[in-house]
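One structure is given here, and the rest of the page talks about it.
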Amino acid sequence: MKIIAFANQKGGVGKTTTTANLGAAMADKGHKVLLVDMDPQGNLSVTSGVKAHELEITIYEVLKEEIKINETIIHVDRPNGDIDLVPSNLNLSASETVLNAKPGREFLLKEALEELENEYDYILIDCPPSLGLLTINALTAAKEYIIPLASEYLALYGTSQLLQVVDIVRKRINPDLEMLGVVITQYDGRKIHCRDIVEQIQEHFGDKVFKTMIRSNISLTEAPSFGQDIFIYKDSSPGAEDYRALAEEIMKGAKV
Ligand SMILES: Nc1ncnc2c1ncn2[C@@H]1O[C@H](COP(=O)(O)OP(=O)(O)O)[C@@H](O)[C@H]1O
Ligand SMILES: [Mg+2]
C-alpha cells in the first residue's frame with residue numbers, strides 16, 4: 001500500500017487536479033485507489049462528483065474519532081476502474097481548533113488509515129493550502145509526498161517552508177517520509193517565462209522533478225465542474241495524456 005500526500009501551502013498549483021487525475025489513471029490501470037480529501041474546500045470531493053456540502057459525515061468526523069473511516073468511504077463508479085473517496089467539506093475548517101486539544105493530534109489520519117490495512121494499492125491524500133495540522137496529519141500518514149508546482153512566477157517561493165515542515169515531521173514523527181518528486185503543472189512551452197521557471201525548478205530539485213510535465217489544458221479546468229476526472233471528461237485531451245504519463249512514471253518508480 002503506497003500512501004502519497006500532495007502538498008504545497010500555495011493554492012492553485014494543481015494539488016487537487018493532480019490527486020484526482022493520477023488516482024483516476026491508476027484506477028484505469030487496475031489499481032485499487034483511495035482518494036482522501038484533507039482540504040476543507042472539498043474540491044477533490046466535488047471533482048469526484050460528490051455533493052460535498054450535503055454530507056454529514058466526512059473526514060472531519062473520522063479525525064474527531066467519532067466514526068470509523070470505513071463509514072465515510074464513498075464509492076465512485078467509473079467505466080474502467082472505480083475509485084473510493086473519503087470526502088471533506090467546510091466542516092473540516094473547524095479542525096485546527098477542535099483537533100488541537102487532542103493528544104497525539106498529528107497521528108489522527110495515520111491511525112484512521114491503518115484501519116484499512118491493505119485494502120488499497122494507492123492512497124492519495126490531497127492537502128489544503130496551508131502548513132497547519134491537516135497537512136501535518138497527511139505528512140504523518142504518508143510514506144511519500146509529491147510537490148505540485150505551477151510553472152508561474154514565484155513557483156519556488158515558499159517551498160523552503162514546506163521542506164522545513166517536512167524535516168520536522170521526519171525528525172519527530174515520521175522518519176520514513178520521502179519526497180517522491182516534484183510535478184510541474186500548468187506548463188505552457190510557448191511562453192519563455194514558463195521555460196525559465198522550469199529550468200529554475202530543475203536546478204533546485206534536480207532529478208526529483210518528474211520527467212512528465214502537466215501542460216496547461218482547458219479540459220483540466222472544465223472537468224471538475226462536471227464532477228468528472230479528465231479521462232471521463234475528455235480522454236483525448238493533452239491533460240489526459242499528461243496525467244496518464246505521470247501515472248506511468250510514478251507506477252514504474254522512474255524519474256528523469
Ligand atoms: N494543467 C492545468 N491546466 C489548466 N488548468 C489547470 C491545470 N491544473 C490545474 N488547473 C486549474 O487551476 C485551478 C487550481 O488547481 P487545483 O488543482 O485546484 O490547485 P490546488 O489544489 O493546488 O489549489 C483549478 O481551477 C484547476 O482546474
Ligand atoms: Mg486543492
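Ordering of the C-alpha cells sets the chain letters (A, B, ...), residue numbers begin anew at 1 in every chain, and ligands are numbered from 1 in the order given.
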
Site check for ligand 2: residues at most 12 Å away, only C-alpha atoms and all ligand atoms, as a ChimeraX atom specification:
/A:6-20,36-47,88,125-130,135,148,224

Within 12 Å of Lys110 of chain A, counting only C-alpha atoms, which residues qualify if same-chain residues fewer than 6 places away don't, as number ranges by chain?
A: 3-5, 36, 62-63, 69, 104, 116-117, 123, 125, 134-143, 173-174

Would you pick out the contacts of Lys29 of chain A at 12 Å or less, using only C-alpha atoms, so that residues sharing its chain but fewer than 3 positions from it are not included, and give the list as a list in words?
Leu22, Gly23, Ala24, Ala25, Met26, Lys32, Val33, Pro79, Asn80, Gly81, Asp82, Ile83, Asp121, Tyr122, Arg244, Ala245, Ala247, Glu248 and Met251 of chain A

Per DSSP on the backbone, what are the helix (DSSP H, G or I) residues of segment 31-88 of chain A, as a PyMOL selection string?
chain A and resi 43-47+52-54+59-63+69-72

With C-alpha atoms retained, write the just-selected residues as an mmCIF file, in the first residue's frame.
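Okay, this is what ended up in selection29.cif:
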```
data_model
loop_
_atom_site.group_PDB
_atom_site.id
_atom_site.type_symbol
_atom_site.label_atom_id
_atom_site.label_comp_id
_atom_site.auth_asym_id
_atom_site.auth_seq_id
_atom_site.Cartn_x
_atom_site.Cartn_y
_atom_site.Cartn_z
ATOM 1 C CA ASN A 43 -12.548 20.388 -4.165
ATOM 2 C CA LEU A 44 -11.368 16.802 -4.517
ATOM 3 C CA SER A 45 -14.777 15.576 -3.389
ATOM 4 C CA VAL A 46 -16.589 17.837 -5.860
ATOM 5 C CA THR A 47 -14.214 16.792 -8.650
ATOM 6 C CA ALA A 52 -19.742 17.612 -0.593
ATOM 7 C CA HIS A 53 -21.742 20.381 1.084
ATOM 8 C CA GLU A 54 -24.654 17.997 1.707
ATOM 9 C CA ILE A 59 -13.053 13.048 7.146
ATOM 10 C CA TYR A 60 -13.723 15.556 9.918
ATOM 11 C CA GLU A 61 -15.797 13.074 11.954
ATOM 12 C CA VAL A 62 -13.083 10.478 11.401
ATOM 13 C CA LEU A 63 -10.378 12.827 12.693
ATOM 14 C CA ILE A 69 -13.090 5.712 8.280
ATOM 15 C CA ASN A 70 -14.956 2.859 6.538
ATOM 16 C CA GLU A 71 -18.238 4.632 7.215
ATOM 17 C CA THR A 72 -17.176 7.726 5.263
#
```

List as a tab-separated table every residue of segment 85-163 of chain A that is in contact with segment 202-220 of chain A, defined as an atom at most 12 Å from one of its atoms (using only C-alpha atoms), together with the nearest atom pair and the distance in Å rounded to one decimal, sorted by chain and then rising number.
```
residue	atom	partner	partner_atom	distance
A:Tyr145	CA	A:Lys208	CA	11.4
A:Ile146	CA	A:Lys208	CA	9.7
A:Ile147	CA	A:Val209	CA	9.3
A:Pro148	CA	A:Ile214	CA	9.8
A:Leu149	CA	A:Val209	CA	10.0
A:Ala150	CA	A:Ile214	CA	9.1
A:Ser151	CA	A:Ser216	CA	9.3
A:Glu152	CA	A:Ser216	CA	11.1
A:Ala155	CA	A:His204	CA	11.3
A:Leu156	CA	A:His204	CA	8.6
A:Tyr157	CA	A:His204	CA	11.7
A:Thr159	CA	A:His204	CA	10.3
A:Ser160	CA	A:His204	CA	10.8
A:Leu163	CA	A:Phe205	CA	11.6
```

What would the file look like if the residues just selected were written as a PDB file, in the first residue's frame with N, CA, C and O atoms?
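out_20.pdb, written as the output of this step:
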```pdb
ATOM      1  N   TYR A 145       5.693  12.001  -0.423  1.00  0.00           N
ATOM      2  CA  TYR A 145       4.916  13.182  -0.789  1.00  0.00           C
ATOM      3  C   TYR A 145       5.373  13.686  -2.145  1.00  0.00           C
ATOM      4  O   TYR A 145       6.503  13.467  -2.571  1.00  0.00           O
ATOM      5  N   ILE A 146       4.426  14.329  -2.810  1.00  0.00           N
ATOM      6  CA  ILE A 146       4.687  14.942  -4.113  1.00  0.00           C
ATOM      7  C   ILE A 146       4.390  16.433  -3.980  1.00  0.00           C
ATOM      8  O   ILE A 146       3.378  16.808  -3.367  1.00  0.00           O
ATOM      9  N   ILE A 147       5.268  17.266  -4.510  1.00  0.00           N
ATOM     10  CA  ILE A 147       5.014  18.707  -4.500  1.00  0.00           C
ATOM     11  C   ILE A 147       4.603  19.147  -5.908  1.00  0.00           C
ATOM     12  O   ILE A 147       5.426  19.119  -6.825  1.00  0.00           O
ATOM     13  N   PRO A 148       3.357  19.537  -6.094  1.00  0.00           N
ATOM     14  CA  PRO A 148       2.981  20.133  -7.372  1.00  0.00           C
ATOM     15  C   PRO A 148       3.423  21.601  -7.387  1.00  0.00           C
ATOM     16  O   PRO A 148       3.211  22.324  -6.415  1.00  0.00           O
ATOM     17  N   LEU A 149       4.050  21.994  -8.481  1.00  0.00           N
ATOM     18  CA  LEU A 149       4.471  23.393  -8.642  1.00  0.00           C
ATOM     19  C   LEU A 149       3.930  23.903  -9.968  1.00  0.00           C
ATOM     20  O   LEU A 149       4.193  23.298 -11.012  1.00  0.00           O
ATOM     21  N   ALA A 150       3.196  24.999  -9.924  1.00  0.00           N
ATOM     22  CA  ALA A 150       2.705  25.591 -11.175  1.00  0.00           C
ATOM     23  C   ALA A 150       3.857  26.351 -11.815  1.00  0.00           C
ATOM     24  O   ALA A 150       4.653  26.984 -11.119  1.00  0.00           O
ATOM     25  N   SER A 151       3.958  26.268 -13.152  1.00  0.00           N
ATOM     26  CA  SER A 151       5.062  26.976 -13.808  1.00  0.00           C
ATOM     27  C   SER A 151       4.678  28.439 -13.966  1.00  0.00           C
ATOM     28  O   SER A 151       4.286  28.890 -15.031  1.00  0.00           O
ATOM     29  N   GLU A 152       4.752  29.137 -12.863  1.00  0.00           N
ATOM     30  CA  GLU A 152       4.395  30.556 -12.840  1.00  0.00           C
ATOM     31  C   GLU A 152       5.445  31.307 -12.020  1.00  0.00           C
ATOM     32  O   GLU A 152       6.237  30.688 -11.295  1.00  0.00           O
ATOM     33  N   ALA A 155       7.185  30.374  -8.451  1.00  0.00           N
ATOM     34  CA  ALA A 155       6.796  28.977  -8.206  1.00  0.00           C
ATOM     35  C   ALA A 155       7.517  28.406  -6.989  1.00  0.00           C
ATOM     36  O   ALA A 155       6.939  27.649  -6.214  1.00  0.00           O
ATOM     37  N   LEU A 156       8.790  28.779  -6.854  1.00  0.00           N
ATOM     38  CA  LEU A 156       9.594  28.189  -5.781  1.00  0.00           C
ATOM     39  C   LEU A 156       9.421  28.906  -4.449  1.00  0.00           C
ATOM     40  O   LEU A 156       9.890  28.438  -3.419  1.00  0.00           O
ATOM     41  N   TYR A 157       8.734  30.048  -4.518  1.00  0.00           N
ATOM     42  CA  TYR A 157       8.553  30.835  -3.306  1.00  0.00           C
ATOM     43  C   TYR A 157       7.725  30.038  -2.297  1.00  0.00           C
ATOM     44  O   TYR A 157       6.623  29.610  -2.591  1.00  0.00           O
ATOM     45  N   THR A 159       8.585  27.089  -1.023  1.00  0.00           N
ATOM     46  CA  THR A 159       8.900  25.654  -0.929  1.00  0.00           C
ATOM     47  C   THR A 159       9.860  25.370   0.231  1.00  0.00           C
ATOM     48  O   THR A 159       9.825  24.290   0.807  1.00  0.00           O
ATOM     49  N   SER A 160      10.703  26.363   0.592  1.00  0.00           N
ATOM     50  CA  SER A 160      11.620  26.086   1.711  1.00  0.00           C
ATOM     51  C   SER A 160      10.851  25.928   3.022  1.00  0.00           C
ATOM     52  O   SER A 160      11.211  25.097   3.848  1.00  0.00           O
ATOM     53  N   LEU A 163       9.487  22.453   2.982  1.00  0.00           N
ATOM     54  CA  LEU A 163      10.533  21.460   3.257  1.00  0.00           C
ATOM     55  C   LEU A 163      10.966  21.485   4.723  1.00  0.00           C
ATOM     56  O   LEU A 163      11.352  20.460   5.282  1.00  0.00           O
TER      57      LEU A 163
END
```

Which value, in Å to one decimal, gives the distance between atom 1 (N, counted along the ligand's line) of ligand 1 and atom CA of Tyr187 of chain A?
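We find that atom 1 (N, counted along the ligand's line) of ligand 1 and atom CA of Tyr187 of chain A lie 6.7 Å from each other.
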
For Ile197 of chain A, find every residue with an atom within 8 Å (counting only C-alpha atoms), except residues of its own chain fewer than 2 positions away, and show them as number ranges by chain.
A: 151-153, 155, 193-195, 199-201

Save out the residues we just selected, all heavy atoms, as a compact mmCIF listing (two decimals), in the first residue's frame.
```
# COMPACT_ATOMS: atom_id res chain seq x y z
N SER A 151 3.96 26.27 -13.15
CA SER A 151 5.06 26.98 -13.81
C SER A 151 4.68 28.44 -13.97
O SER A 151 4.29 28.89 -15.03
CB SER A 151 5.42 26.33 -15.13
OG SER A 151 4.27 26.15 -15.91
N GLU A 152 4.75 29.14 -12.86
CA GLU A 152 4.40 30.56 -12.84
C GLU A 152 5.44 31.31 -12.02
O GLU A 152 6.24 30.69 -11.29
CB GLU A 152 3.01 30.73 -12.18
CG GLU A 152 3.04 30.29 -10.73
CD GLU A 152 1.69 30.20 -10.04
OE1 GLU A 152 0.67 30.32 -10.71
OE2 GLU A 152 1.68 30.00 -8.82
N TYR A 153 5.42 32.60 -12.14
CA TYR A 153 6.32 33.46 -11.38
C TYR A 153 6.26 33.10 -9.90
O TYR A 153 5.18 32.86 -9.35
CB TYR A 153 5.89 34.91 -11.62
CG TYR A 153 6.76 35.94 -10.95
CD1 TYR A 153 8.12 36.02 -11.24
CD2 TYR A 153 6.20 36.82 -10.03
CE1 TYR A 153 8.91 36.97 -10.62
CE2 TYR A 153 6.99 37.78 -9.41
CZ TYR A 153 8.34 37.84 -9.71
OH TYR A 153 9.12 38.77 -9.08
N ALA A 155 7.18 30.37 -8.45
CA ALA A 155 6.80 28.98 -8.21
C ALA A 155 7.52 28.41 -6.99
O ALA A 155 6.94 27.65 -6.21
CB ALA A 155 7.10 28.13 -9.44
N HIS A 193 8.77 32.59 -20.20
CA HIS A 193 8.92 32.61 -18.74
C HIS A 193 8.60 31.25 -18.12
O HIS A 193 9.19 30.86 -17.13
CB HIS A 193 8.12 33.76 -18.09
CG HIS A 193 6.71 33.42 -17.75
ND1 HIS A 193 5.68 33.57 -18.64
CD2 HIS A 193 6.16 32.92 -16.61
CE1 HIS A 193 4.56 33.18 -18.06
NE2 HIS A 193 4.82 32.79 -16.83
N CYS A 194 7.71 30.50 -18.78
CA CYS A 194 7.41 29.13 -18.31
C CYS A 194 8.66 28.26 -18.42
O CYS A 194 8.99 27.49 -17.53
CB CYS A 194 6.31 28.50 -19.15
SG CYS A 194 4.69 28.57 -18.41
N ARG A 195 9.34 28.40 -19.56
CA ARG A 195 10.55 27.59 -19.75
C ARG A 195 11.63 27.97 -18.75
O ARG A 195 12.32 27.11 -18.20
CB ARG A 195 11.05 27.74 -21.19
CG ARG A 195 10.04 27.28 -22.25
CD ARG A 195 10.70 26.91 -23.56
NE ARG A 195 11.38 28.02 -24.20
CZ ARG A 195 10.82 28.83 -25.11
NH1 ARG A 195 9.57 28.65 -25.49
NH2 ARG A 195 11.52 29.81 -25.64
N GLU A 199 13.34 25.61 -15.78
CA GLU A 199 14.79 25.49 -15.57
C GLU A 199 15.16 25.74 -14.12
O GLU A 199 15.95 25.01 -13.53
CB GLU A 199 15.52 26.50 -16.46
CG GLU A 199 16.38 25.85 -17.51
CD GLU A 199 16.92 26.87 -18.50
OE1 GLU A 199 17.59 27.83 -18.05
OE2 GLU A 199 16.64 26.72 -19.70
N GLN A 200 14.55 26.79 -13.55
CA GLN A 200 14.83 27.09 -12.13
C GLN A 200 14.42 25.93 -11.24
O GLN A 200 15.14 25.56 -10.31
CB GLN A 200 14.03 28.32 -11.68
CG GLN A 200 14.57 29.65 -12.13
CD GLN A 200 13.58 30.77 -11.79
OE1 GLN A 200 12.78 30.64 -10.87
NE2 GLN A 200 13.63 31.85 -12.54
N ILE A 201 13.25 25.38 -11.51
CA ILE A 201 12.76 24.26 -10.69
C ILE A 201 13.69 23.07 -10.82
O ILE A 201 14.05 22.42 -9.84
CB ILE A 201 11.30 23.89 -11.08
CG1 ILE A 201 10.34 25.04 -10.75
CG2 ILE A 201 10.86 22.60 -10.39
CD1 ILE A 201 8.92 24.85 -11.28
```

From the set A:Ile250, A:Leu99, A:Leu55, A:Leu113, which residue has the shortest atom-to-atom contact distance to Val183 of chain A, counting only C-alpha atoms?
A:Ile250

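You will find atom CA of Ser48 of chain A at 26.9 Å from atom CA of Leu162 of chain A.
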
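Across the structure, atom CA of Glu106 of chain A and atom CA of Glu66 of chain A are spaced 16.6 Å apart.
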
If you run DSSP on the backbone here, which positions in segment 10-248 of chain A get strand (DSSP E)? Please write them as a VMD selection string.
chain A and resid 33 to 37 74 to 76 83 to 86 122 to 126 144 to 150 178 to 185

Point out the residue among A:Val50, A:Met1, A:Ile67, A:Ile192 with the least atom-to-atom distance to His31 of chain A, counting only C-alpha atoms.
A:Met1

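Using only C-alpha atoms, the nearest neighbour of Glu249 of chain A within the list A:Gly181, A:Phe231, A:Asp196, A:Lys102 is A:Gly181.
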
Could you tell me which of A:Ala223, A:Ile73, A:Val166, A:Leu34 comes closest to Ala240 of chain A if we count only C-alpha atoms?
A:Ala223
